[in-house]
There are 2 protein chains.
Amino acid sequence: MCVSVRDDKICLMRAEIISIGTELLMGQITDTNAAFLSSQLPSLGIGLYWVTQVGDNQGRIVEALERGLGRSDIILTTGGLGPTEDDLTRESIAKFMGEEMYRDPELLIWLQGVMQNNFRNTNRQMTSNNFKQANLIPSAKAIPNDRGTAPGWMVEKNGKMIISMPGPPSEMTNMWQRHVRPMLAQKFPGDILVSRFIKAYGLGESALDAMIEEYLHSNNPSIGVYTRPDGIMMRLTAKAPDEAAGREILAPVEAGIQRILQDYVWGFDDDTIVSVVGKELKAKGMTLATMESCTGGLLASHITDTAGSSDFFKGGLVTYTNEIKTSFGVDPSIIETKGAISPETAEAMAKAVRLRLHSSIGIGITGVAGPDPIEGKPVGEVHLAISDGIRSATFMGKYRPPRADLKSRAAYAALFNLRAFLKQS
Amino acid sequence: MCVSVRDDKICLMRAEIISIGTELLMGQITDTNAAFLSSQLPSLGIGLYWVTQVGDNQGRIVEALERGLGRSDIILTTGGLGPTEDDLTRESIAKFMGEEMYRDPELLIWLQGVMQNNFRNTNRQMTSNNFKQANLIPSAKAIPNDRGTAPGWMVEKNGKMIISMPGPPSEMTNMWQRHVRPMLAQKFPGDILVSRFIKAYGLGESALDAMIEEYLHSNNPSIGVYTRPDGIMMRLTAKAPDEAAGREILAPVEAGIQRILQDYVWGFDDDTIVSVVGKELKAKGMTLATMESCTGGLLASHITDTAGSSDFFKGGLVTYTNEIKTSFGVDPSIIETKGAISPETAEAMAKAVRLRLHSSIGIGITGVAGPDPIEGKPVGEVHLAISDGIRSATFMGKYRPPRADLKSRAAYAALFNLRAFLKQS
């Protein structure tokens with residue numbers, strides 16, 4: 001039982017994910033469940049080789065189960081446990097196991113209770129197709145669902161295991177955390193994978209690879225490099241009997257990488273750029289306010305995604321018109337002479353919001369979100385400014401559409417420039 | 001060559017997606033490329049049976065290619081075309097085809113040009129490992145990459161096809177739209193799938209299924225039902241020789257479903273709730289402004305994700321403290337007597353921002369984003385209000401953490417309540 005992180009070097013229990021639902025194959029839904037589960041398995045010492053998405057079709061679900069149990073020890077399925085006719089996960093497992101389904105009386109009582117409760121709170125009708133969610137086969141144990149009406153299934157066969165969880169992410173993650181994960185942890189003790197994430201900004205992937213090349217061929221820990229909207233991330237993964245031993249393997253490699261990358265590194269593990277600048281602002285006793293034009297509130301929303309942001313974030317203004325910019329204190333003559341899309345206007349916005357919301361630091365962002373150019377400036381040109389009342393810094397970025405990507409890149413640029421600004425003050 | 005939409009009824013060219021990259025199996029990245037490609041295939045008359053994610057491991061990539069070409073006509077791969085050592089897609093295809101790679105002189109000249117250009121604009125180092133991106137095998141044709149340094153590969157074998165595209169979504173979608181899609185459209189004429197999406201809000205999945213049951217067993221068009229953050233969506237898919245014939249099959253079913261669901265239906269196809277309320281506001285010559293507390297700018301950001309929102313959106317205020325709420329015109333005695341988390345404060349916020357930003361309609365949102373209760377109100381309690389200066393409507397919702405989900409649910413609730421408000425005015 002060997003699993004690869006970068007290559008075939010680390011041997012563990014093998015798991016496989018089967019994501020079930022035609023909607024996944026029609027492009028309406030992105031498979032975030034598989035991403036969540038794959039992030040969970042390493043710390044259980046379980047390796048993941050394969051993720052397969054398959055439609056609501058009994059023949060193909062059975063084929064996926066057969067192939068999966070042929071090459072893996074644990075199959076995790078998500079989706080297809082709902083009440084409707086195209087929810088076929090239970091039927092498929094029953095067929096694969098060669099067993100008949102029956103309606104479990106205990107499950108039925110539980111289900112009726114949950115449904116009565118749901119239908120009291122909403123005005124929704126109770127429908128008889130819901131009852132198929134109380135079905136089991138002799139080899140299956142039900143896994144409680146604290147968030148919905150679809151219980152999971154746990155099936156064991158020849159020392160291997162099929163665990164089926166519902167598709168809605170809130171139900172699935174709750175079932176995983178409360179029931180499936182503790183059960184797997186107890187069932188499969190042994191070596192585990194311990195990971196450390198190092199986050200950098202301002203470097204391309206191949207330049208980074210060249211800089212840290214001496215570490216890239218390491219097997220324990222192994223290293224993976226990924227680009228993301230908030231920069232570039234390195235994952236260091238060690239195999240060890242426990243957490244402490246894993247940390248010991250990771251420490252020297254982490255220190256070596258940090259020595260090389262220096263100030264490109266901005267965070268670790270669950271750090272977000274907001275949590276990093278927030279910590280710095282709080283340490284300095286400083287507060288922040290924003291005035292956004294082209295990012296339209298996304299910067300404020302990113303900041304307020306972080307719990308505790310109310311300790312340093314005073315508030316934000318989304319000033320989508322020049323009239324509203326000036327009504328909050330931006331000098332109209334600056335907009336007139338320099339243009340709304342200019343470093344001067346960005347700086348005036350940063351200064352105005354700082355005064356208006358009584359914060360230590362103000363950020364102003366103005367730019368062209370598209371689809372059309374403004375004042376002859378092309379789509380994607382963004383000016384941002386940061387001011388603490390004494391010192392101002394401005395920055396220009398050029399970002400590609402689509403609009404949502406462009407907004408996201410500009411909002412992150414503001415946060416990374418704020419980090420640099422705070423380092424100098 | 002048959003593909004299923006809901007069952008084995010519709011026969012088309014079969015495609016399969018293989019998403020390559022250990023990062024997908026480690027949970028750091030969600031596979032949005034597969035979702036994008038699966039939404040593209042139906043209109044080409046190409047069906048999708050399987051999506052497989054596999055790590056950066058040559059043995060397993062070759063295994064996936066073998067299995068894929070055994071059961072499908074077209075394999076689309078994404079990822080693994082980068083310059084680093086764990087980018088193994090080219091090497092794996094070469095091994096699968098039993099061919100040797102060579103460095104293509106024309107590709108190399110193109111690549112050097114792109115890289116010189118890139119390295120002039122940034123301060124990044126050029127590294128020799130980039131050159132492997134100019135490799136080909138005799139059976140492969142390069143597909144141009146207008147957004148990066150990794151060309152795609154197009155390989156034909158016994159009338160079947162492997163098409164490899166890079167992993168970064170902007171490069172992949174650009175290559176698909178400009179080069180791969182036109183090539184496939186030319187290569188596979190014949191019956192196509194035509195889809196229509198009907199979007200509703202305020203109904204659960206099993207209640208909806210019960211209401212439209214008479215249509216659920218239809219084969220052409222087939223119907224799928226999916227829940228999403230912005231409500232519940234029905235996908236109607238018809239198989240027909242061309243677009244017009246497909247629309248004719250869809251029309252009566254669409255009309256029937258609309259007759260049943262009435263006002264639960266809020267949009268179709270690419271409609272977003274922002275585009276729908278935006279159109280209505282523009283038709284009435286009305287403008288909008290927002291004052292957000294717990295959603296922290298997310299509502300403004302959702303609104304400004306839509307191109308043309310500047311026609312009706314005057315701007316927004318993110319008032320994270322009571323002090324700033326009152327500085328923008330919320331009566332402090334209301335916050336004192338009713339609490340900051342109350343319908344009265346939400347209404348005062350809606351009225352204040354309407355006056356402050358001179359808009360026809362104001363929206364106020366206040367609530368508990370967590371992690372701790374406020375004023376004895378639990379995490380997830382949200383009050384929102386809409387006011388046009390004469391009439392006000394308030395609404396209370398209770399949403400579950402995590403914080404980002406709760407913010408998203410509350411922001412969507414504001415938009416759907418705005419739709420209802422506009423219908424009554």
# chains A, B, ... in the order shown; residues from 1 in each chain; ligands from 1
$ select_by_dssp --residues "segment 231-395 of chain A" --states "strand (DSSP E or B)" --output "CSV table (one decimal) with C-alpha atoms, in the first residue's frame"
chain,number,residue,atom,x,y,z
A,231,GLY,CA,0.9,34.4,-5.0
A,232,ILE,CA,2.8,31.1,-5.1
A,233,MET,CA,2.7,28.4,-2.5
A,234,MET,CA,5.1,25.6,-1.6
A,235,ARG,CA,3.9,22.5,0.1
A,236,LEU,CA,6.4,20.6,2.2
A,237,THR,CA,5.2,17.1,3.2
A,238,ALA,CA,7.0,14.8,5.6
A,239,LYS,CA,6.1,11.2,6.5
A,240,ALA,CA,6.6,10.3,10.1
A,265,VAL,CA,7.7,34.9,1.9
A,266,TRP,CA,4.6,36.5,3.4
A,267,GLY,CA,2.9,33.6,5.3
A,268,PHE,CA,2.5,30.0,6.3
A,288,LEU,CA,-7.5,50.9,8.0
A,289,ALA,CA,-10.2,52.3,5.7
A,290,THR,CA,-10.7,51.8,2.0
A,291,MET,CA,-12.2,53.8,-0.9
A,292,GLU,CA,-12.8,51.6,-4.0
A,313,PHE,CA,-11.0,47.8,9.8
A,314,LYS,CA,-13.0,50.9,10.2
A,315,GLY,CA,-15.0,50.6,7.0
A,316,GLY,CA,-15.0,51.2,3.3
A,317,LEU,CA,-16.6,53.3,0.6
A,318,VAL,CA,-17.5,52.1,-2.8
A,319,THR,CA,-17.5,55.2,-4.9
A,361,ILE,CA,-4.2,54.3,7.0
A,362,GLY,CA,-6.3,54.8,3.8
A,363,ILE,CA,-6.3,52.8,0.6
A,364,GLY,CA,-7.7,54.2,-2.7
A,365,ILE,CA,-8.2,52.1,-5.8
A,366,THR,CA,-9.3,53.4,-9.2
A,367,GLY,CA,-9.1,51.7,-12.5
A,374,ILE,CA,-12.4,55.0,-19.7
A,377,LYS,CA,-7.2,54.2,-20.4
A,381,GLU,CA,-5.3,49.6,-15.9
A,382,VAL,CA,-5.5,50.1,-12.1
A,383,HIS,CA,-4.0,52.7,-9.8
A,384,LEU,CA,-3.8,52.2,-6.1
A,385,ALA,CA,-2.5,54.4,-3.3
A,386,ILE,CA,-1.8,53.9,0.4
A,387,SER,CA,-1.5,56.9,2.7
A,392,SER,CA,1.9,58.0,0.4
A,393,ALA,CA,2.8,55.2,-1.9
A,394,THR,CA,1.2,54.6,-5.3
A,395,PHE,CA,1.3,51.6,-7.5
$ calpha_fit_rmsd --fixed "chain A" --moving "chain B"
0.1 Å
$ residues_around --residues "Lys423 of chain A" --least-positions-apart "5" --cutoff "10 Å" --atoms "only C-alpha atoms" --output "ChimeraX atom specification"
/A:277,280,417-418
$ closest_residue --among "A:Ser342, A:Ser39, A:Ser218, A:Gln186" --to "chain B" --atoms "only C-alpha atoms"
A:Ser39
$ residues_around --residues "Glu23 of chain A" --least-positions-apart "4" --cutoff "12 Å" --atoms "only C-alpha atoms" --output "VMD selection string"
(chain A and resid 19 27 to 31 53 to 57 79 to 80 86 to 87 167) or (chain B and resid 4 to 6 34 to 35 38 to 39 48 to 49 223 to 228 233 to 236)
$ closest_residue --among "A:Leu216, A:Ala94, A:Leu415, A:Met172" --to "chain B" --atoms "only C-alpha atoms"
A:Leu216
$ closest_residue --among "A:Gln112, A:Pro42, A:Ile257, A:Gly278" --to "Asp191 of chain A" --atoms "only C-alpha atoms"
A:Pro42
$ select_by_dssp --residues "segment 80-255 of chain B" --states "alpha helix (DSSP H)" --output "JSON, numbers by chain"
{"B": [89, 90, 91, 92, 93, 94, 95, 96, 97, 105, 106, 107, 108, 109, 110, 111, 112, 113, 114, 115, 116, 117, 118, 119, 120, 121, 169, 170, 171, 172, 173, 174, 175, 181, 182, 183, 184, 185, 186, 187, 205, 206, 207, 208, 209, 210, 211, 213, 214, 215, 216, 243, 244, 245, 246, 247, 248, 249, 250, 251, 252, 253, 254, 255]}
$ residues_around --residues "Tyr412 of chain A" --least-positions-apart "5" --cutoff "9 Å" --atoms "only C-alpha atoms" --output "list in words"
Pro229, Asp230, Ile273, Leu299, His302, Lys407 and Asn417 of chain A
$ write_last_selection --atoms "N, CA and C atoms" --output "compact mmCIF listing (two decimals), in the first residue's frame"
# COMPACT_ATOMS: atom_id res chain seq x y z
N PRO A 229 -4.13 32.76 -6.73
CA PRO A 229 -4.42 34.20 -6.88
C PRO A 229 -3.61 35.04 -5.89
N ASP A 230 -3.29 34.51 -4.72
CA ASP A 230 -2.56 35.29 -3.72
C ASP A 230 -1.06 34.95 -3.73
N ILE A 273 -3.35 36.81 3.40
CA ILE A 273 -2.67 38.11 3.40
C ILE A 273 -3.43 39.08 4.30
N LEU A 299 -12.30 44.49 -2.13
CA LEU A 299 -11.22 44.61 -1.14
C LEU A 299 -11.80 44.60 0.28
N HIS A 302 -12.92 41.05 1.05
CA HIS A 302 -11.77 40.20 1.40
C HIS A 302 -11.34 40.45 2.85
N LYS A 407 -10.70 42.26 -10.84
CA LYS A 407 -11.01 42.80 -9.51
C LYS A 407 -10.20 42.08 -8.44
N ASN A 417 0.71 45.38 -1.38
CA ASN A 417 1.36 46.68 -1.28
C ASN A 417 1.21 47.27 0.12
$ atom_distance --atom1 "atom CA of Asp388 of chain A" --atom2 "atom CA of Arg356 of chain A"
13.1 Å
$ residues_around --residues "Pro144 of chain B" --least-positions-apart "6" --cutoff "8 Å" --atoms "only C-alpha atoms" --output "ChimeraX atom specification"
/B:151-152,175,179
$ write_last_selection --atoms "C-alpha atoms" --output "JSON list (two decimals), in the first residue's frame"
[["chain", "number", "residue", "atom", "x", "y", "z"],
["B", 151, "PRO", "CA", 1.99, 25.24, -26.09],
["B", 152, "GLY", "CA", -0.71, 22.57, -26.19],
["B", 175, "MET", "CA", -6.47, 28.08, -26.00],
["B", 179, "HIS", "CA", -7.91, 27.02, -31.21]]
$ atom_distance --atom1 "atom CA of Ile18 of chain A" --atom2 "atom CA of Ile212 of chain B"
29.3 Å
$ atom_distance --atom1 "atom CA of Met396 of chain B" --atom2 "atom CA of Val368 of chain B"
11.9 Å
$ closest_residue --among "A:Val180, A:Ile20, A:Ala413, A:Ile335" --to "chain B" --atoms "only C-alpha atoms"
A:Ile20
$ residues_around --residues "Ala134 of chain A" --least-positions-apart "3" --cutoff "10 Å" --atoms "only C-alpha atoms" --output "ChimeraX atom specification"
/A:83,101-112,130-131,142,149-151
$ closest_residue --among "B:Asn220, B:Asn129, B:Gln424, B:Asn117" --to "chain A" --atoms "only C-alpha atoms"
B:Asn129
$ closest_residue --among "A:Lys284, A:Arg259, A:Arg419, A:Lys187" --to "Ser360 of chain A" --atoms "only C-alpha atoms"
A:Lys284
$ decode --residues "segment 300-314 of chain B" --atoms "N, CA and C atoms" --output "tab-separated table (two decimals), in the first residue's frame"
chain	number	residue	atom	x	y	z
B	300	ALA	N	-21.91	44.82	-2.45
B	300	ALA	CA	-21.42	45.78	-3.45
B	300	ALA	C	-20.54	45.07	-4.47
B	301	SER	N	-19.71	44.16	-4.01
B	301	SER	CA	-18.81	43.46	-4.93
B	301	SER	C	-19.59	42.57	-5.90
B	302	HIS	N	-20.61	41.86	-5.40
B	302	HIS	CA	-21.48	41.07	-6.29
B	302	HIS	C	-22.11	41.97	-7.35
B	303	ILE	N	-22.62	43.12	-6.92
B	303	ILE	CA	-23.28	44.03	-7.86
B	303	ILE	C	-22.30	44.50	-8.92
B	304	THR	N	-21.08	44.86	-8.48
B	304	THR	CA	-20.12	45.42	-9.44
B	304	THR	C	-19.38	44.35	-10.24
B	305	ASP	N	-19.67	43.07	-9.98
B	305	ASP	CA	-19.16	42.01	-10.86
B	305	ASP	C	-19.82	42.07	-12.23
B	306	THR	N	-20.98	42.72	-12.29
B	306	THR	CA	-21.73	42.78	-13.54
B	306	THR	C	-21.35	44.02	-14.32
B	307	ALA	N	-20.90	43.81	-15.57
B	307	ALA	CA	-20.57	44.95	-16.43
B	307	ALA	C	-21.83	45.80	-16.61
B	308	GLY	N	-21.68	47.12	-16.58
B	308	GLY	CA	-22.82	48.02	-16.74
B	308	GLY	C	-23.50	48.35	-15.42
B	309	SER	N	-23.01	47.79	-14.30
B	309	SER	CA	-23.66	48.08	-13.01
B	309	SER	C	-23.52	49.55	-12.65
B	310	SER	N	-22.53	50.25	-13.25
B	310	SER	CA	-22.39	51.68	-12.93
B	310	SER	C	-23.59	52.48	-13.44
B	311	ASP	N	-24.40	51.89	-14.33
B	311	ASP	CA	-25.61	52.58	-14.79
B	311	ASP	C	-26.67	52.73	-13.69
B	312	PHE	N	-26.66	51.81	-12.72
B	312	PHE	CA	-27.69	51.89	-11.68
B	312	PHE	C	-27.13	51.88	-10.25
B	313	PHE	N	-25.86	51.51	-10.09
B	313	PHE	CA	-25.30	51.41	-8.74
B	313	PHE	C	-24.53	52.68	-8.42
B	314	LYS	N	-25.01	53.45	-7.41
B	314	LYS	CA	-24.35	54.70	-7.07
B	314	LYS	C	-23.12	54.46	-6.20
